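*Asks:* Take this structure first; my questions come after.
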Amino acid sequence: MDLLGRVRALLADHPPAGTAPLDFLRARFDAGLAWVHFPVGLGGLGLARSEQAVLEAELAAAGAPDNNPRRIGIGLGMAAPTILRYGTEEQKARFLRPLWTGEEVWCQLFSEPGAGSDLAALAARAVLGEDGVWTVDGQKVWTSTAHTARWAILLARTDPAVPKHRGITYFVCDMTDPGVEVRPLRQITGEAEFNEVFLTGVRIPDAHRLGAVGEGWQVAQTTLNNERVAIGGQAAPRESGMIGVVAEVWRNRPELRTPELHQRLLKGWADAEVVRLTGERLRQQLALGQPGPEGAAMKLAFARLAQELSSLELELLGEEGLHYDDWTMTRPEVVDFTGREAGYRYLRAKGNSIEGGTSEILRNIIAERVLGLPAEPRADKDLPWKDVPR
Amino acid sequence: MTPDLPTPDLLYSEVEEELRASVRSLLDHHCRPNAVLARCEGDQPYDLALWATLAGQLGLAGLAVPEEHGGAGAGPREVAVVLEELGRRVAPVPYLGSAVLATTALIACGAAEALPELASGTRRAALAVPFTTAPGAAFPTAVTAEAGTLTGRVTSVADGSVADLLVVPAIGTDGPGLYAVEVGGAGVEVVRRTSLDLTRPVADVILAGAAARRLAEAETAVAALDRALLTGAGLLASEQLGVAEWCLTTTVAYLKERRQFARPLGSFQALKHRLADLWLETVGARAAARYAADALASGSPDAAVAVALAQSHCGALAVRAAEECIQLHGGIGMTWEHPAHLYLKRAKADQLALGTPGFHRAALAELVALGA
Ligand SMILES: Cc1cc2nc3c(=O)[nH]c(=O)nc-3n(C[C@H](O)[C@H](O)[C@H](O)COP(=O)(O)OP(=O)(O)OC[C@H]3O[C@@H](n4cnc5c(N)ncnc54)[C@H](O)[C@@H]3O)c2cc1C
């Protein structure tokens, strides 16, 4: 049966109108129609990535429920590709289905107070006991959605005696286990979308290790690359995103217009459209199986644009720009750029050039991996982690 | 303001990549930087032997000319690939002026007569408007038509000094018309100007009762001129992309080699970040230029937006790339011997050509309902 045939069969067996959303999503996964490029049995059909659009269009037209991709972004964009590549068959079978249906939310326990851009400097320790169970102690920080997460991907140091990149191991951590403490970390916007996470004697069975002991850094590369591609990875119509918001204000509120803002709006419109077309080009390359280096560029461009345009929006709004919608401390499930007012957008966009690798780090990546320029001299490269001054 | 537009094809087809490879290998042999530079200093800045080879051996002059008129029947997508490669070499050939601007105007007004010779490259044409004329601009009034003759002066015509045929917009008693004028005839003078761009000098055209053949009148003339300018502006973006790419690649290669402070300059982050940003904008230019070429080729209703977008991005980018190239080459970048200055001159002239980035952004305002 071809792809459209399968989609129609799914819709016939589980009419969206009369089926509970979760039941529909489970059936969709079981039919291999979750992510078509995943293997058969794991929610996919082993087809080309480009086929996904066909499927999504057909399902959207039929009014099928979606799995609220923004709520489970870390699971979909980062955990899933890593589990697919490095997980055991048991791990794939256990984690992928509830991850995709949204029954289980994931978070990413990577950054630490002393290890941000220099992630490989991380200090959270994992020690293997004689019973084959690891014990983890350490502190993570800026962990988005840790408060709603059932599982975490976790990096911990398992060998302090070797240079920093070599002594790290990658785990799946059960957020409901004793010893996991999540404390809200209020941010610039007033809400607490991210958290501090304290790990005290957390016990992780060896079966929840992803990849070999000491090879966590390589595994993490898969996660980090996917994180950067995930941002700006969706096909988007013209004027989606921040430029659409600003353009609408411009069109609806002629009394706010000034010549100077007009110039900046037009520059922003052109920049946004160029970035959108760049993303479209990247997707067309990916569909042909020739991923270009444009992936790293997208996040950099997206961050700059979001910041310039959200800043412009406030100036355009003038007096109204002096207001803010709500400073109450909340712990949101998703980042809602368009559901809130301009001040929130302006403040939240500041994170776009920090989260998932700062713009400076992305420029380093482009300069070194795409343009082939030499790395900066490194002081800590060959030192055992425990001997690095900090 | 989000029209339902068909998804454009932003990649290069296999045929286009083959075309690129053959243009590139020919230019590798016949268009070396030293030779281009030497030519600029003589009195024959254009390489007409190279032109003959490009036209004769590869059929590039007739790429976009329909087959029944002696061309290859290809279109803007293929022409764009050629312009990328010519831009990468600042090749001193009248491709944009003859094979793009003038040829498009002739095709658009159905003037088939001259096409076979232009397609074969045996003759060259120029569109007699200042190179700065933007698509959508008011119909030029510099030349007047009377009883089959033209009188007036057109300044800064791209590739005018090597044209055999001039395609001239002129105003007659009955309104706008497009005329063909033979260079060499009585009352036709073409004066080469000392130009900022050494590899595509401009010339002034002075007509004093020159004999002319009317090719199109009224709306047809206006539409044909605008088609030529729109196509020219859209495809110029690909040339600008080629210029920028050469500047970026050359600078990266230089900074990997050049050592100061006992390490390669390319390992200093201040420089790496500048090049990463430049690369990012070049990637954007590729997407925008491809979109313009594809929109022109497919007759997309979005073509005007695509062209204005490509020009507002690519024109400024090429200049920035050339400026960075000179700055990051240090003293060498300031010398006549290093070809970087040829690229800056081309980039800056191209930025003024066929509408500045600011002009095209203003055009966007009207096209996408974001007026002042
Ligand atoms: C909204 C948000 C959500 C986040 N969510 C998560 C999450 O879910 N899970 C998680 O693990 N982490 C998360 N993070 C953390 C994020 O990954 C880090 O903040 C980020 O990697 C930067 O690390 P840092 O904050 O320690 O900054 P630092 O590394 O201390 O950097 C400080 C400044 O120095 C610059 N800098 C650092 N190194 C270099 C260098 N080599 N060259 C030039 N400049 C340099 C940086 O660019 C930055 O400007 C989140 C962050 C934000 C803002």
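Lettering and numbering for the structure tokens are positional, with chains as A, B, ... in the shown order, residues counted from 1 in each chain, and ligands counted from 1 in the shown order.
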Determine, counting only C-alpha atoms, which protein, DNA and RNA residues have an atom within 7 Å of an atom of segment 63-65 of chain B; residues of the same chain fewer than 5 positions away are not included. Present the result as a PDB file with C-alpha atoms, in the first residue's frame.
*Replies:*
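So result.pdb came out as:
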ATOM      1  CA  GLY B  70      18.888  29.886 -33.329  1.00  0.00           C
ATOM      2  CA  GLY B  71      19.190  29.623 -29.549  1.00  0.00           C
ATOM      3  CA  ALA B  72      19.247  26.814 -27.013  1.00  0.00           C
ATOM      4  CA  GLY B  73      15.731  27.451 -25.728  1.00  0.00           C
ATOM      5  CA  ALA B  74      16.822  27.412 -22.096  1.00  0.00           C
ATOM      6  CA  GLY B  75      15.805  30.135 -19.658  1.00  0.00           C
ATOM      7  CA  PRO B  76      16.629  32.325 -16.687  1.00  0.00           C
ATOM      8  CA  VAL B  79      21.442  31.970 -17.549  1.00  0.00           C
ATOM      9  CA  ALA B 119      22.473  33.934 -30.324  1.00  0.00           C
TER      10      ALA B 119
END
*Asks:* Give the residues of chain B that lie within 6 Å of chain A; count only C-alpha atoms, and format the answer as a count of residues only.
*Replies:* 11
*Asks:* List every residue of chain A that has an atom at most 8 Å from any atom of ligand 1, giving for each one its closest atom pair and the distance in Å to one decimal, counting only C-alpha atoms and all ligand atoms, sorted by chain and then by ascending residue number, as a Markdown table.
*Replies:*
| residue | atom | partner | partner_atom_place_in_ligand_line | distance |
| --- | --- | --- | --- | --- |
| A:Ile74 | CA | ligand 1 | 8 (O) | 7.7 |
| A:Cys107 | CA | ligand 1 | 8 (O) | 6.0 |
| A:Gln108 | CA | ligand 1 | 9 (N) | 4.5 |
| A:Leu109 | CA | ligand 1 | 11 (O) | 4.7 |
| A:Phe110 | CA | ligand 1 | 11 (O) | 3.5 |
| A:Ser111 | CA | ligand 1 | 11 (O) | 3.8 |
| A:Glu112 | CA | ligand 1 | 11 (O) | 7.2 |
| A:Pro113 | CA | ligand 1 | 26 (O) | 6.5 |
| A:Gly114 | CA | ligand 1 | 26 (O) | 6.7 |
| A:Ala115 | CA | ligand 1 | 26 (O) | 5.7 |
| A:Gly116 | CA | ligand 1 | 26 (O) | 3.1 |
| A:Ser117 | CA | ligand 1 | 29 (O) | 3.6 |
| A:Asp118 | CA | ligand 1 | 29 (O) | 5.9 |
| A:Leu119 | CA | ligand 1 | 21 (O) | 7.2 |
| A:Lys140 | CA | ligand 1 | 11 (O) | 7.2 |
| A:Val141 | CA | ligand 1 | 12 (N) | 6.6 |
| A:Trp142 | CA | ligand 1 | 13 (C) | 4.6 |
| A:Thr143 | CA | ligand 1 | 8 (O) | 3.8 |
| A:Ser144 | CA | ligand 1 | 8 (O) | 3.7 |
| A:Thr145 | CA | ligand 1 | 8 (O) | 6.9 |
| A:Ala146 | CA | ligand 1 | 8 (O) | 7.6 |
| A:Glu193 | CA | ligand 1 | 1 (C) | 7.4 |
| A:Phe194 | CA | ligand 1 | 3 (C) | 6.2 |
| A:Arg348 | CA | ligand 1 | 1 (C) | 7.5 |
| A:Lys350 | CA | ligand 1 | 53 (C) | 7.8 |
| A:Gly351 | CA | ligand 1 | 53 (C) | 4.4 |
| A:Asn352 | CA | ligand 1 | 1 (C) | 7.0 |
| A:Ser353 | CA | ligand 1 | 53 (C) | 7.8 |
| A:Ile354 | CA | ligand 1 | 53 (C) | 5.0 |
| A:Glu355 | CA | ligand 1 | 51 (C) | 3.9 |
| A:Gly356 | CA | ligand 1 | 17 (O) | 4.7 |
| A:Gly357 | CA | ligand 1 | 21 (O) | 4.4 |
| A:Thr358 | CA | ligand 1 | 47 (O) | 4.7 |
| A:Ser359 | CA | ligand 1 | 47 (O) | 6.1 |
| A:Glu360 | CA | ligand 1 | 47 (O) | 4.5 |
| A:Ile361 | CA | ligand 1 | 47 (O) | 5.8 |
| A:Asn364 | CA | ligand 1 | 42 (N) | 7.1 |
*Asks:* What separation in Å, quoted to one decimal, exists between atom CA of Leu185 of chain A and atom CA of Val334 of chain A?
*Replies:*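 Result for atom CA of Leu185 of chain A versus atom CA of Val334 of chain A: 15.3 Å, one decimal.
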*Asks:* Might you pull out every residue within 10 Å of Cys247 of chain B, with only C-alpha atoms counted and same-chain residues fewer than 3 positions away left off, and present them as a PyMOL selection string?
*Replies:* chain B and resi 88+241-244+250-252+278+318-326+339-340+343-344
*Asks:* Give me, please, the distance in Å between atom CA of Gln260 of chain B and atom CA of Thr335 of chain B, quoted to one decimal.
*Replies:*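 Value for the atom CA of Gln260 of chain B-atom CA of Thr335 of chain B distance: 19.6 Å.
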*Asks:* What is the atom CA of Asp326 of chain A-atom CA of Gln187 of chain A distance in Å, reported with one decimal?
*Replies:*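 Separation between atom CA of Asp326 of chain A and atom CA of Gln187 of chain A: 13.1 Å.
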*Asks:* Segment 97-172 of chain A: which residues are strand (DSSP E) by DSSP, as a VMD selection string?
*Replies:* chain A and resid 106 to 109 125 to 128 133 to 144 151 to 157 168 to 172
*Asks:* Measuring atom to atom with only C-alpha atoms, identify which of B:Gly148, B:Gly299, B:Pro169, B:Pro94 is nearest to Pro130 of chain B.
*Replies:*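 Among the listed residues, B:Pro169 lies closest to Pro130 of chain B.
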*Asks:* Measuring between only C-alpha atoms, which one of B:Gly110, B:Gly59, B:Gly136, B:Pro8 shows the shortest distance to Ala362 of chain B?
*Replies:* B:Gly136
*Asks:* Restricting the calculation to only C-alpha atoms: of A:Gly5, A:Gly211, A:Gly201, A:Gly46, which residue gets closest to Gly87 of chain A?
*Replies:*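 The shortest atom-to-atom distance to Gly87 of chain A comes from A:Gly211.
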*Asks:* List the spatial neighbours of Ala147 of chain B as a VMD selection string - criterion: any atom at most 12 Å away, only C-alpha atoms, same-chain residues fewer than 6 positions off excluded.
*Replies:* chain B and resid 171 to 174 209 to 214
*Asks:* Nearest to Ala292 of chain B: which of B:Ala55, B:Ala221, B:Ala233, B:Ala253 is it, counting only C-alpha atoms?
*Replies:*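 Between B:Ala55, B:Ala221, B:Ala233, B:Ala253, the residue approaching Ala292 of chain B most closely is B:Ala233.
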*Asks:* Restricting the calculation to only C-alpha atoms, which member of A:Ile153, A:Glu319, A:Gly63, A:Glu227 is positioned closest to Gly295 of chain A?
*Replies:*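 Distance minimum relative to Gly295 of chain A lands on A:Glu227.
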*Asks:* At a cut-off of 12 Å, using only C-alpha atoms, what residues contact Ala61 of chain A? Leave out same-chain residues fewer than 6 positions from it and give the result as an MDAnalysis selection string.
*Replies:* chainID A and resid 7:8 11 16 54:55
